[in-house]
>>> print(open('my_file-v8.cif').read())   # mmCIF, N, CA and C atoms
data_model
loop_
_atom_site.label_atom_id
_atom_site.label_comp_id
_atom_site.auth_asym_id
_atom_site.auth_seq_id
_atom_site.Cartn_x
_atom_site.Cartn_y
_atom_site.Cartn_z
N MET A 3 -20.36 28.86 -16.02
CA MET A 3 -20.68 29.94 -15.13
C MET A 3 -19.75 29.85 -13.93
N VAL A 4 -19.59 30.94 -13.23
CA VAL A 4 -18.84 30.92 -11.97
C VAL A 4 -19.81 31.28 -10.86
N VAL A 5 -19.60 30.62 -9.72
CA VAL A 5 -20.43 30.88 -8.54
C VAL A 5 -19.50 31.11 -7.36
N PRO A 6 -19.98 31.78 -6.33
CA PRO A 6 -19.13 32.02 -5.17
C PRO A 6 -18.75 30.70 -4.48
N HIS A 7 -17.56 30.67 -3.94
CA HIS A 7 -17.10 29.54 -3.13
C HIS A 7 -17.76 29.70 -1.76
N HIS A 8 -19.05 29.49 -1.76
CA HIS A 8 -19.89 29.71 -0.58
C HIS A 8 -21.14 28.87 -0.77
N ALA A 9 -21.86 28.62 0.31
CA ALA A 9 -23.06 27.78 0.24
C ALA A 9 -24.06 28.30 -0.79
N THR A 10 -24.11 29.60 -1.01
CA THR A 10 -25.05 30.14 -2.00
C THR A 10 -24.68 29.73 -3.42
N GLY A 11 -23.43 29.33 -3.64
CA GLY A 11 -23.00 28.92 -4.97
C GLY A 11 -23.78 27.73 -5.49
N ALA A 12 -24.07 26.75 -4.63
CA ALA A 12 -24.83 25.58 -5.05
C ALA A 12 -26.24 25.98 -5.45
N ARG A 13 -26.86 26.86 -4.71
CA ARG A 13 -28.22 27.31 -5.03
C ARG A 13 -28.25 28.04 -6.37
N LEU A 14 -27.30 28.93 -6.58
CA LEU A 14 -27.24 29.66 -7.85
C LEU A 14 -27.05 28.72 -9.03
N ALA A 15 -26.16 27.75 -8.88
CA ALA A 15 -25.90 26.79 -9.95
C ALA A 15 -27.13 25.93 -10.24
N ARG A 16 -27.79 25.43 -9.19
CA ARG A 16 -29.00 24.61 -9.36
C ARG A 16 -30.07 25.37 -10.13
N HIS A 17 -30.32 26.61 -9.73
CA HIS A 17 -31.37 27.40 -10.37
C HIS A 17 -31.05 27.68 -11.83
N ARG A 18 -29.81 27.98 -12.12
CA ARG A 18 -29.42 28.26 -13.51
C ARG A 18 -29.56 27.01 -14.37
N LEU A 19 -29.08 25.87 -13.87
CA LEU A 19 -29.20 24.61 -14.60
C LEU A 19 -30.68 24.30 -14.87
N ALA A 20 -31.51 24.40 -13.85
CA ALA A 20 -32.93 24.11 -14.01
C ALA A 20 -33.58 25.07 -15.01
N ASP A 21 -33.24 26.34 -14.94
CA ASP A 21 -33.81 27.32 -15.87
C ASP A 21 -33.43 27.00 -17.31
N GLU A 22 -32.19 26.60 -17.53
CA GLU A 22 -31.71 26.36 -18.89
C GLU A 22 -32.16 25.02 -19.47
N LEU A 23 -32.37 24.01 -18.62
CA LEU A 23 -32.64 22.67 -19.14
C LEU A 23 -34.07 22.17 -18.95
N THR A 24 -34.93 22.94 -18.32
CA THR A 24 -36.30 22.49 -18.05
C THR A 24 -37.02 22.04 -19.31
N GLU A 25 -36.88 22.76 -20.39
CA GLU A 25 -37.58 22.42 -21.63
C GLU A 25 -36.77 21.48 -22.53
N VAL A 26 -35.57 21.09 -22.09
CA VAL A 26 -34.66 20.35 -22.96
C VAL A 26 -34.51 18.89 -22.57
N VAL A 27 -34.58 18.59 -21.28
CA VAL A 27 -34.39 17.20 -20.82
C VAL A 27 -35.63 16.73 -20.08
N PRO A 28 -35.85 15.43 -20.00
CA PRO A 28 -37.01 14.91 -19.26
C PRO A 28 -36.93 15.30 -17.77
N PRO A 29 -38.09 15.47 -17.13
CA PRO A 29 -38.11 15.90 -15.72
C PRO A 29 -37.30 15.01 -14.78
N ALA A 30 -37.34 13.70 -14.97
CA ALA A 30 -36.59 12.81 -14.07
C ALA A 30 -35.09 13.04 -14.22
N LEU A 31 -34.63 13.22 -15.45
CA LEU A 31 -33.21 13.50 -15.68
C LEU A 31 -32.84 14.85 -15.08
N LEU A 32 -33.69 15.85 -15.26
CA LEU A 32 -33.41 17.16 -14.69
C LEU A 32 -33.26 17.08 -13.18
N ALA A 33 -34.12 16.32 -12.53
CA ALA A 33 -34.03 16.17 -11.07
C ALA A 33 -32.68 15.55 -10.68
N ASP A 34 -32.24 14.54 -11.44
CA ASP A 34 -30.93 13.92 -11.16
C ASP A 34 -29.80 14.91 -11.39
N LEU A 35 -29.88 15.68 -12.46
CA LEU A 35 -28.83 16.66 -12.77
C LEU A 35 -28.73 17.71 -11.66
N VAL A 36 -29.87 18.21 -11.22
CA VAL A 36 -29.89 19.22 -10.16
C VAL A 36 -29.30 18.66 -8.86
N ALA A 37 -29.67 17.44 -8.51
CA ALA A 37 -29.16 16.83 -7.28
C ALA A 37 -27.65 16.63 -7.35
N VAL A 38 -27.16 16.14 -8.47
CA VAL A 38 -25.71 15.90 -8.61
C VAL A 38 -24.95 17.22 -8.62
N LEU A 39 -25.46 18.21 -9.33
CA LEU A 39 -24.78 19.50 -9.35
C LEU A 39 -24.69 20.09 -7.95
N ALA A 40 -25.78 20.00 -7.20
CA ALA A 40 -25.77 20.52 -5.83
C ALA A 40 -24.72 19.81 -4.98
N GLU A 41 -24.62 18.50 -5.12
CA GLU A 41 -23.61 17.74 -4.37
C GLU A 41 -22.20 18.16 -4.76
N LEU A 42 -21.94 18.27 -6.05
CA LEU A 42 -20.58 18.60 -6.50
C LEU A 42 -20.17 20.00 -6.08
N VAL A 43 -21.07 20.97 -6.21
CA VAL A 43 -20.72 22.33 -5.78
C VAL A 43 -20.60 22.38 -4.26
N GLY A 44 -21.51 21.72 -3.56
CA GLY A 44 -21.42 21.68 -2.10
C GLY A 44 -20.11 21.07 -1.62
N ASN A 45 -19.68 19.98 -2.27
CA ASN A 45 -18.40 19.37 -1.91
C ASN A 45 -17.23 20.30 -2.19
N ALA A 46 -17.29 21.01 -3.31
CA ALA A 46 -16.21 21.95 -3.65
C ALA A 46 -16.11 23.04 -2.58
N VAL A 47 -17.24 23.52 -2.13
CA VAL A 47 -17.26 24.58 -1.11
C VAL A 47 -16.77 24.05 0.24
N ARG A 48 -17.20 22.85 0.61
CA ARG A 48 -16.84 22.30 1.92
C ARG A 48 -15.42 21.77 1.99
N HIS A 49 -14.93 21.17 0.89
CA HIS A 49 -13.70 20.40 1.00
C HIS A 49 -12.53 20.91 0.17
N ALA A 50 -12.73 21.89 -0.68
CA ALA A 50 -11.66 22.33 -1.58
C ALA A 50 -11.43 23.83 -1.47
N ASP A 51 -10.30 24.25 -1.96
CA ASP A 51 -9.99 25.67 -2.03
C ASP A 51 -10.73 26.29 -3.21
N PRO A 52 -10.96 27.59 -3.17
CA PRO A 52 -11.59 28.24 -4.31
C PRO A 52 -10.59 28.46 -5.44
N LEU A 53 -11.10 28.75 -6.60
CA LEU A 53 -10.27 29.25 -7.69
C LEU A 53 -9.92 30.70 -7.38
N PRO A 54 -8.95 31.28 -8.08
CA PRO A 54 -8.67 32.71 -7.86
C PRO A 54 -9.96 33.53 -7.99
N GLY A 55 -10.11 34.48 -7.09
CA GLY A 55 -11.32 35.30 -7.07
C GLY A 55 -12.38 34.75 -6.14
N GLY A 56 -12.09 33.64 -5.45
CA GLY A 56 -13.03 33.07 -4.50
C GLY A 56 -14.24 32.42 -5.14
N VAL A 57 -14.02 31.76 -6.29
CA VAL A 57 -15.14 31.18 -7.04
C VAL A 57 -14.92 29.71 -7.33
N VAL A 58 -15.99 29.08 -7.80
CA VAL A 58 -16.01 27.72 -8.31
C VAL A 58 -16.59 27.82 -9.71
N ARG A 59 -16.01 27.11 -10.66
CA ARG A 59 -16.52 27.13 -12.04
C ARG A 59 -17.44 25.93 -12.25
N VAL A 60 -18.59 26.17 -12.86
CA VAL A 60 -19.59 25.14 -13.10
C VAL A 60 -19.92 25.14 -14.59
N ALA A 61 -19.97 23.94 -15.17
CA ALA A 61 -20.30 23.85 -16.60
C ALA A 61 -21.12 22.60 -16.84
N TRP A 62 -21.95 22.64 -17.87
CA TRP A 62 -22.67 21.45 -18.33
C TRP A 62 -22.73 21.48 -19.83
N ARG A 63 -22.86 20.28 -20.40
CA ARG A 63 -22.89 20.13 -21.85
C ARG A 63 -23.92 19.07 -22.21
N LEU A 64 -24.72 19.37 -23.20
CA LEU A 64 -25.68 18.42 -23.75
C LEU A 64 -25.21 18.01 -25.13
N ARG A 65 -25.24 16.71 -25.38
CA ARG A 65 -24.92 16.19 -26.71
C ARG A 65 -26.09 15.33 -27.15
N PRO A 66 -26.75 15.72 -28.24
CA PRO A 66 -27.89 14.92 -28.70
C PRO A 66 -27.46 13.54 -29.18
N THR A 67 -28.27 12.55 -28.90
CA THR A 67 -28.08 11.20 -29.41
C THR A 67 -29.44 10.72 -29.91
N PRO A 68 -29.49 9.66 -30.67
CA PRO A 68 -30.78 9.16 -31.15
C PRO A 68 -31.75 8.77 -30.04
N THR A 69 -31.23 8.44 -28.85
CA THR A 69 -32.11 8.02 -27.76
C THR A 69 -32.36 9.10 -26.72
N GLY A 70 -31.82 10.29 -26.92
CA GLY A 70 -32.01 11.39 -25.98
C GLY A 70 -30.70 12.09 -25.70
N PRO A 71 -30.73 13.15 -24.91
CA PRO A 71 -29.50 13.92 -24.66
C PRO A 71 -28.54 13.20 -23.71
N ARG A 72 -27.26 13.27 -24.05
CA ARG A 72 -26.20 12.84 -23.14
C ARG A 72 -25.72 14.13 -22.46
N VAL A 73 -25.67 14.12 -21.15
CA VAL A 73 -25.36 15.33 -20.39
C VAL A 73 -24.13 15.09 -19.53
N SER A 74 -23.25 16.09 -19.51
CA SER A 74 -22.12 16.06 -18.60
C SER A 74 -22.11 17.33 -17.77
N ILE A 75 -21.70 17.19 -16.52
CA ILE A 75 -21.59 18.30 -15.57
C ILE A 75 -20.15 18.30 -15.07
N ARG A 76 -19.58 19.48 -14.93
CA ARG A 76 -18.20 19.61 -14.43
C ARG A 76 -18.14 20.77 -13.44
N VAL A 77 -17.54 20.51 -12.26
CA VAL A 77 -17.35 21.53 -11.24
C VAL A 77 -15.85 21.61 -10.98
N THR A 78 -15.30 22.81 -11.17
CA THR A 78 -13.86 23.01 -11.03
C THR A 78 -13.59 23.94 -9.85
N ASP A 79 -12.67 23.50 -8.99
CA ASP A 79 -12.29 24.29 -7.82
C ASP A 79 -10.77 24.35 -7.74
N GLY A 80 -10.27 24.95 -6.69
CA GLY A 80 -8.83 25.11 -6.52
C GLY A 80 -8.12 23.89 -5.99
N GLY A 81 -8.83 22.80 -5.77
CA GLY A 81 -8.22 21.57 -5.31
C GLY A 81 -8.16 21.49 -3.79
N ALA A 82 -7.78 20.32 -3.33
CA ALA A 82 -7.67 20.06 -1.90
C ALA A 82 -6.52 19.10 -1.68
N VAL A 83 -6.07 19.01 -0.46
CA VAL A 83 -4.98 18.10 -0.13
C VAL A 83 -5.35 16.67 -0.50
N ALA A 84 -6.55 16.25 -0.11
CA ALA A 84 -7.04 14.91 -0.45
C ALA A 84 -8.14 15.06 -1.49
N GLY A 85 -8.12 14.22 -2.49
CA GLY A 85 -9.15 14.27 -3.52
C GLY A 85 -10.47 13.71 -3.02
N PRO A 86 -11.51 13.85 -3.82
CA PRO A 86 -12.82 13.32 -3.43
C PRO A 86 -12.77 11.80 -3.25
N LEU A 87 -13.32 11.34 -2.14
CA LEU A 87 -13.38 9.91 -1.84
C LEU A 87 -14.76 9.55 -1.34
N MET A 88 -15.24 8.40 -1.78
CA MET A 88 -16.51 7.91 -1.26
C MET A 88 -16.25 7.34 0.14
N ARG A 89 -17.10 7.74 1.08
CA ARG A 89 -16.98 7.25 2.45
C ARG A 89 -18.20 6.43 2.80
N GLU A 90 -18.05 5.57 3.77
CA GLU A 90 -19.19 4.85 4.31
C GLU A 90 -19.75 5.69 5.45
N ALA A 91 -21.01 6.01 5.35
CA ALA A 91 -21.65 6.81 6.39
C ALA A 91 -22.60 5.93 7.20
N SER A 92 -22.55 6.10 8.51
CA SER A 92 -23.48 5.36 9.36
C SER A 92 -24.89 5.94 9.15
N PRO A 93 -25.91 5.18 9.50
CA PRO A 93 -27.28 5.65 9.28
C PRO A 93 -27.60 6.98 9.96
N ASP A 94 -26.93 7.29 11.07
CA ASP A 94 -27.22 8.55 11.75
C ASP A 94 -26.19 9.64 11.47
N ALA A 95 -25.29 9.41 10.53
CA ALA A 95 -24.30 10.43 10.16
C ALA A 95 -24.98 11.59 9.44
N VAL A 96 -24.47 12.80 9.67
CA VAL A 96 -25.06 13.98 9.03
C VAL A 96 -24.43 14.28 7.67
N ASP A 97 -23.35 13.61 7.34
CA ASP A 97 -22.73 13.82 6.02
C ASP A 97 -22.06 12.52 5.57
N GLY A 98 -21.39 12.57 4.42
CA GLY A 98 -20.68 11.40 3.93
C GLY A 98 -21.41 10.62 2.86
N ARG A 99 -22.52 11.15 2.37
CA ARG A 99 -23.30 10.43 1.35
C ARG A 99 -23.24 11.07 -0.03
N GLY A 100 -22.64 12.24 -0.14
CA GLY A 100 -22.69 13.01 -1.38
C GLY A 100 -22.20 12.28 -2.61
N LEU A 101 -21.03 11.66 -2.54
CA LEU A 101 -20.50 10.97 -3.71
C LEU A 101 -21.25 9.68 -3.99
N HIS A 102 -21.90 9.11 -2.99
CA HIS A 102 -22.77 7.96 -3.24
C HIS A 102 -23.98 8.41 -4.06
N ILE A 103 -24.48 9.59 -3.78
CA ILE A 103 -25.59 10.14 -4.56
C ILE A 103 -25.13 10.38 -5.99
N VAL A 104 -23.96 11.00 -6.15
CA VAL A 104 -23.41 11.25 -7.49
C VAL A 104 -23.25 9.94 -8.24
N SER A 105 -22.67 8.95 -7.60
CA SER A 105 -22.44 7.65 -8.23
C SER A 105 -23.75 6.95 -8.59
N GLY A 106 -24.74 7.05 -7.72
CA GLY A 106 -26.00 6.38 -7.96
C GLY A 106 -26.85 7.01 -9.05
N LEU A 107 -26.74 8.32 -9.22
CA LEU A 107 -27.58 9.01 -10.19
C LEU A 107 -26.93 9.16 -11.56
N SER A 108 -25.61 9.20 -11.60
CA SER A 108 -24.92 9.40 -12.88
C SER A 108 -24.51 8.06 -13.47
N THR A 109 -24.19 8.09 -14.76
CA THR A 109 -23.69 6.89 -15.43
C THR A 109 -22.25 6.62 -14.99
N ARG A 110 -21.48 7.67 -14.91
CA ARG A 110 -20.11 7.57 -14.41
C ARG A 110 -19.67 8.95 -13.95
N TRP A 111 -18.64 8.96 -13.10
CA TRP A 111 -18.11 10.22 -12.61
C TRP A 111 -16.62 10.07 -12.40
N GLY A 112 -15.93 11.19 -12.26
CA GLY A 112 -14.50 11.11 -12.06
C GLY A 112 -13.91 12.45 -11.66
N VAL A 113 -12.59 12.46 -11.56
CA VAL A 113 -11.85 13.63 -11.13
C VAL A 113 -10.69 13.84 -12.08
N ASP A 114 -10.52 15.06 -12.56
CA ASP A 114 -9.35 15.46 -13.35
C ASP A 114 -8.59 16.47 -12.53
N ARG A 115 -7.28 16.29 -12.43
CA ARG A 115 -6.44 17.24 -11.69
C ARG A 115 -5.38 17.82 -12.60
N ASP A 116 -5.06 19.08 -12.35
CA ASP A 116 -3.94 19.71 -13.03
C ASP A 116 -3.25 20.62 -12.02
N GLY A 117 -2.31 21.39 -12.45
CA GLY A 117 -1.55 22.23 -11.55
C GLY A 117 -2.35 23.35 -10.90
N LEU A 118 -3.54 23.64 -11.43
CA LEU A 118 -4.34 24.74 -10.91
C LEU A 118 -5.46 24.30 -9.97
N GLY A 119 -5.80 23.03 -9.99
CA GLY A 119 -6.89 22.57 -9.13
C GLY A 119 -7.44 21.25 -9.61
N GLN A 120 -8.74 21.07 -9.44
CA GLN A 120 -9.37 19.81 -9.83
C GLN A 120 -10.76 20.07 -10.37
N SER A 121 -11.19 19.17 -11.23
CA SER A 121 -12.55 19.18 -11.75
C SER A 121 -13.18 17.83 -11.42
N VAL A 122 -14.34 17.87 -10.82
CA VAL A 122 -15.11 16.67 -10.58
C VAL A 122 -16.25 16.71 -11.59
N TRP A 123 -16.42 15.60 -12.30
CA TRP A 123 -17.41 15.58 -13.36
C TRP A 123 -18.32 14.36 -13.22
N ALA A 124 -19.48 14.46 -13.83
CA ALA A 124 -20.43 13.36 -13.87
C ALA A 124 -21.08 13.35 -15.24
N GLU A 125 -21.32 12.15 -15.76
CA GLU A 125 -21.96 12.00 -17.06
C GLU A 125 -23.25 11.21 -16.91
N PHE A 126 -24.21 11.56 -17.76
CA PHE A 126 -25.53 10.94 -17.75
C PHE A 126 -25.84 10.48 -19.16
N GLU A 127 -26.00 9.19 -19.33
CA GLU A 127 -26.35 8.63 -20.63
C GLU A 127 -27.87 8.69 -20.81
N PRO A 128 -28.34 8.78 -22.04
CA PRO A 128 -29.79 8.89 -22.26
C PRO A 128 -30.57 7.69 -21.77
N SER A 129 -29.96 6.53 -21.73
CA SER A 129 -30.69 5.34 -21.28
C SER A 129 -31.00 5.40 -19.79
N GLY A 130 -30.27 6.25 -19.06
CA GLY A 130 -30.47 6.36 -17.63
C GLY A 130 -29.85 5.22 -16.85
N SER A 131 -29.16 4.31 -17.54
CA SER A 131 -28.56 3.19 -16.82
C SER A 131 -27.44 3.70 -15.93
N SER A 132 -27.42 3.24 -14.74
CA SER A 132 -26.43 3.70 -13.77
C SER A 132 -25.30 2.69 -13.69
N ARG A 133 -24.10 3.17 -13.92
CA ARG A 133 -22.91 2.34 -13.81
C ARG A 133 -21.91 3.15 -12.99
N PRO A 134 -21.81 2.93 -11.70
CA PRO A 134 -21.03 3.80 -10.82
C PRO A 134 -19.52 3.61 -11.02
N ASP A 135 -19.01 4.23 -12.06
CA ASP A 135 -17.58 4.16 -12.33
C ASP A 135 -16.92 5.46 -11.87
N LEU A 136 -15.75 5.34 -11.30
CA LEU A 136 -14.94 6.50 -10.94
C LEU A 136 -13.73 6.49 -11.83
N VAL A 137 -13.46 7.63 -12.46
CA VAL A 137 -12.29 7.76 -13.31
C VAL A 137 -11.47 8.91 -12.77
N THR A 138 -10.19 8.67 -12.49
CA THR A 138 -9.31 9.71 -11.98
C THR A 138 -8.15 9.88 -12.94
N THR A 139 -7.87 11.14 -13.27
CA THR A 139 -6.72 11.43 -14.12
C THR A 139 -5.91 12.56 -13.48
N GLY A 140 -4.68 12.68 -13.93
CA GLY A 140 -3.86 13.80 -13.51
C GLY A 140 -3.04 13.56 -12.34
#
>>> encode(input="my_file-v8.cif", output="structure tokens")
Amino acid sequence: MVVPHHATGARLARHRLADELTEVVPPALLADLVAVLAELVGNAVRHADPLPGGVVRVAWRLRPTPTGPRVSIRVTDGGAVAGPLMREASPDAVDGRGLHIVSGLSTRWGVDRDGLGQSVWAEFEPSGSSRPDLVTTG
């Protein structure tokens, strides 16, 4: 789906994801997926350029496994001068925790870059085990 490169884009993406996956994934996993998607779209809006047309592309994929669904989320934007970086936020900071949330809730996450922009993705294994790996390509 495409959403506006605007704060409303995260809300639209969250609602669509929740509507489509409520009956498909366990509630705890759905909550993690919604939180991570909101962070990734919010970061794209705050820190990156839009794709042509002033949009951000959002996608998710479910792959069944014997132990439950494996889910991946991908948010594609027009890129930024500096790629996504995890920062240390002080306890009273108003921002700087988004990628820590993504890392803590997903099994792994990363960034793919090409000549048109970047995609930040996160994967969720059915076991729910968290392994905060960052993978960067491109």
>>> closest_residue(input="my_file-v8.cif", among="A:Leu32, A:Val58, A:Ala124, A:Val4", to="Val73 in chain A", atoms="all atoms listed in the file")
A:Ala124
>>> resolve_selection(input="my_file-v8.cif", expression="the PyMOL selection byres ((chain A and resi 10-24) around 6.5)", output="list in words")
Val5, Pro6, His7, His8, Ala9, Glu25, Val26, Val27, Val36, Leu39, Ala40, Val43 and Gly44 of chain A
>>> closest_residue(input="my_file-v8.cif", among="A:Thr67, A:Thr78, A:Ser108, A:Gly100", to="Ala33 in chain A", atoms="only C-alpha atoms")
A:Ser108
>>> select_by_dssp(input="my_file-v8.cif", residues="chain A", states="strand (DSSP E or B)", output="CSV table (one decimal) with N, CA and C atoms, in the frame of the given file")
chain,number,residue,atom,x,y,z
A,4,VAL,N,-19.6,30.9,-13.2
A,4,VAL,CA,-18.8,30.9,-12.0
A,4,VAL,C,-19.8,31.3,-10.9
A,5,VAL,N,-19.6,30.6,-9.7
A,5,VAL,CA,-20.4,30.9,-8.5
A,5,VAL,C,-19.5,31.1,-7.4
A,6,PRO,N,-20.0,31.8,-6.3
A,6,PRO,CA,-19.1,32.0,-5.2
A,6,PRO,C,-18.8,30.7,-4.5
A,53,LEU,N,-11.1,28.8,-6.6
A,53,LEU,CA,-10.3,29.2,-7.7
A,53,LEU,C,-9.9,30.7,-7.4
A,57,VAL,N,-14.0,31.8,-6.3
A,57,VAL,CA,-15.1,31.2,-7.0
A,57,VAL,C,-14.9,29.7,-7.3
A,58,VAL,N,-16.0,29.1,-7.8
A,58,VAL,CA,-16.0,27.7,-8.3
A,58,VAL,C,-16.6,27.8,-9.7
A,59,ARG,N,-16.0,27.1,-10.7
A,59,ARG,CA,-16.5,27.1,-12.0
A,59,ARG,C,-17.4,25.9,-12.2
A,60,VAL,N,-18.6,26.2,-12.9
A,60,VAL,CA,-19.6,25.1,-13.1
A,60,VAL,C,-19.9,25.1,-14.6
A,61,ALA,N,-20.0,23.9,-15.2
A,61,ALA,CA,-20.3,23.8,-16.6
A,61,ALA,C,-21.1,22.6,-16.8
A,62,TRP,N,-22.0,22.6,-17.9
A,62,TRP,CA,-22.7,21.4,-18.3
A,62,TRP,C,-22.7,21.5,-19.8
A,63,ARG,N,-22.9,20.3,-20.4
A,63,ARG,CA,-22.9,20.1,-21.8
A,63,ARG,C,-23.9,19.1,-22.2
A,64,LEU,N,-24.7,19.4,-23.2
A,64,LEU,CA,-25.7,18.4,-23.8
A,64,LEU,C,-25.2,18.0,-25.1
A,65,ARG,N,-25.2,16.7,-25.4
A,65,ARG,CA,-24.9,16.2,-26.7
A,65,ARG,C,-26.1,15.3,-27.2
A,66,PRO,N,-26.8,15.7,-28.2
A,66,PRO,CA,-27.9,14.9,-28.7
A,66,PRO,C,-27.5,13.5,-29.2
A,67,THR,N,-28.3,12.6,-28.9
A,67,THR,CA,-28.1,11.2,-29.4
A,67,THR,C,-29.4,10.7,-29.9
A,70,GLY,N,-31.8,10.3,-26.9
A,70,GLY,CA,-32.0,11.4,-26.0
A,70,GLY,C,-30.7,12.1,-25.7
A,71,PRO,N,-30.7,13.2,-24.9
A,71,PRO,CA,-29.5,13.9,-24.7
A,71,PRO,C,-28.5,13.2,-23.7
A,72,ARG,N,-27.3,13.3,-24.0
A,72,ARG,CA,-26.2,12.8,-23.1
A,72,ARG,C,-25.7,14.1,-22.5
A,73,VAL,N,-25.7,14.1,-21.2
A,73,VAL,CA,-25.4,15.3,-20.4
A,73,VAL,C,-24.1,15.1,-19.5
A,74,SER,N,-23.2,16.1,-19.5
A,74,SER,CA,-22.1,16.1,-18.6
A,74,SER,C,-22.1,17.3,-17.8
A,75,ILE,N,-21.7,17.2,-16.5
A,75,ILE,CA,-21.6,18.3,-15.6
A,75,ILE,C,-20.2,18.3,-15.1
A,76,ARG,N,-19.6,19.5,-14.9
A,76,ARG,CA,-18.2,19.6,-14.4
A,76,ARG,C,-18.1,20.8,-13.4
A,77,VAL,N,-17.5,20.5,-12.3
A,77,VAL,CA,-17.4,21.5,-11.2
A,77,VAL,C,-15.8,21.6,-11.0
A,78,THR,N,-15.3,22.8,-11.2
A,78,THR,CA,-13.9,23.0,-11.0
A,78,THR,C,-13.6,23.9,-9.8
A,79,ASP,N,-12.7,23.5,-9.0
A,79,ASP,CA,-12.3,24.3,-7.8
A,79,ASP,C,-10.8,24.4,-7.7
A,110,ARG,N,-21.5,7.7,-14.9
A,110,ARG,CA,-20.1,7.6,-14.4
A,110,ARG,C,-19.7,9.0,-14.0
A,111,TRP,N,-18.6,9.0,-13.1
A,111,TRP,CA,-18.1,10.2,-12.6
A,111,TRP,C,-16.6,10.1,-12.4
A,112,GLY,N,-15.9,11.2,-12.3
A,112,GLY,CA,-14.5,11.1,-12.1
A,112,GLY,C,-13.9,12.4,-11.7
A,113,VAL,N,-12.6,12.5,-11.6
A,113,VAL,CA,-11.8,13.6,-11.1
A,113,VAL,C,-10.7,13.8,-12.1
A,114,ASP,N,-10.5,15.1,-12.6
A,114,ASP,CA,-9.4,15.5,-13.4
A,114,ASP,C,-8.6,16.5,-12.5
A,115,ARG,N,-7.3,16.3,-12.4
A,115,ARG,CA,-6.4,17.2,-11.7
A,115,ARG,C,-5.4,17.8,-12.6
A,116,ASP,N,-5.1,19.1,-12.4
A,116,ASP,CA,-3.9,19.7,-13.0
A,116,ASP,C,-3.2,20.6,-12.0
A,119,GLY,N,-5.8,23.0,-10.0
A,119,GLY,CA,-6.9,22.6,-9.1
A,119,GLY,C,-7.4,21.2,-9.6
A,120,GLN,N,-8.7,21.1,-9.4
A,120,GLN,CA,-9.4,19.8,-9.8
A,120,GLN,C,-10.8,20.1,-10.4
A,121,SER,N,-11.2,19.2,-11.2
A,121,SER,CA,-12.6,19.2,-11.8
A,121,SER,C,-13.2,17.8,-11.4
A,122,VAL,N,-14.3,17.9,-10.8
A,122,VAL,CA,-15.1,16.7,-10.6
A,122,VAL,C,-16.2,16.7,-11.6
A,123,TRP,N,-16.4,15.6,-12.3
A,123,TRP,CA,-17.4,15.6,-13.4
A,123,TRP,C,-18.3,14.4,-13.2
A,124,ALA,N,-19.5,14.5,-13.8
A,124,ALA,CA,-20.4,13.4,-13.9
A,124,ALA,C,-21.1,13.4,-15.2
A,125,GLU,N,-21.3,12.2,-15.8
A,125,GLU,CA,-22.0,12.0,-17.1
A,125,GLU,C,-23.2,11.2,-16.9
A,126,PHE,N,-24.2,11.6,-17.8
A,126,PHE,CA,-25.5,10.9,-17.8
A,126,PHE,C,-25.8,10.5,-19.2
A,135,ASP,N,-19.0,4.2,-12.1
A,135,ASP,CA,-17.6,4.2,-12.3
A,135,ASP,C,-16.9,5.5,-11.9
A,136,LEU,N,-15.8,5.3,-11.3
A,136,LEU,CA,-14.9,6.5,-10.9
A,136,LEU,C,-13.7,6.5,-11.8
A,137,VAL,N,-13.5,7.6,-12.5
A,137,VAL,CA,-12.3,7.8,-13.3
A,137,VAL,C,-11.5,8.9,-12.8
A,138,THR,N,-10.2,8.7,-12.5
A,138,THR,CA,-9.3,9.7,-12.0
A,138,THR,C,-8.2,9.9,-12.9
A,139,THR,N,-7.9,11.1,-13.3
A,139,THR,CA,-6.7,11.4,-14.1
A,139,THR,C,-5.9,12.6,-13.5
>>> resolve_selection(input="my_file-v8.cif", expression="the PyMOL selection byres (((chain A and resi 61-66 and name CA) around 9) and name CA)", output="list in words")
Met3, Val4, Leu19, Arg59, Val60, Thr67, Pro68, Thr69, Gly70, Pro71, Arg72, Val73, Ser74, Ile75, Arg76, Val77 and Thr78 of chain A
>>> closest_residue(input="my_file-v8.cif", among="A:Pro28, A:Gly119, A:Pro128, A:Gly112", to="Gly80 in chain A", atoms="only C-alpha atoms")
A:Gly119
>>> select_by_dssp(input="my_file-v8.cif", residues="chain A", states="helix (DSSP H, G or I)", output="VMD selection string")
chain A and resid 9 to 23 29 to 49 100 to 107
>>> atom_distance(input="my_file-v8.cif", atom1="atom C of Thr109 in chain A", atom2="atom C of Leu42 in chain A")
16.2 Å
>>> resolve_selection(input="my_file-v8.cif", expression="the PyMOL selection byres (((chain A and resi 82-85 and name CA) around 12) and name CA)", output="PyMOL selection string")
chain A and resi 45-53+78-81+86-88+101+112-122+138-140
>>> atom_distance(input="my_file-v8.cif", atom1="CA of Glu90 in chain A", atom2="CA of Pro29 in chain A")
29.7 Å
>>> atom_distance(input="my_file-v8.cif", atom1="CA of Ile103 in chain A", atom2="CA of Ala30 in chain A")
14.8 Å
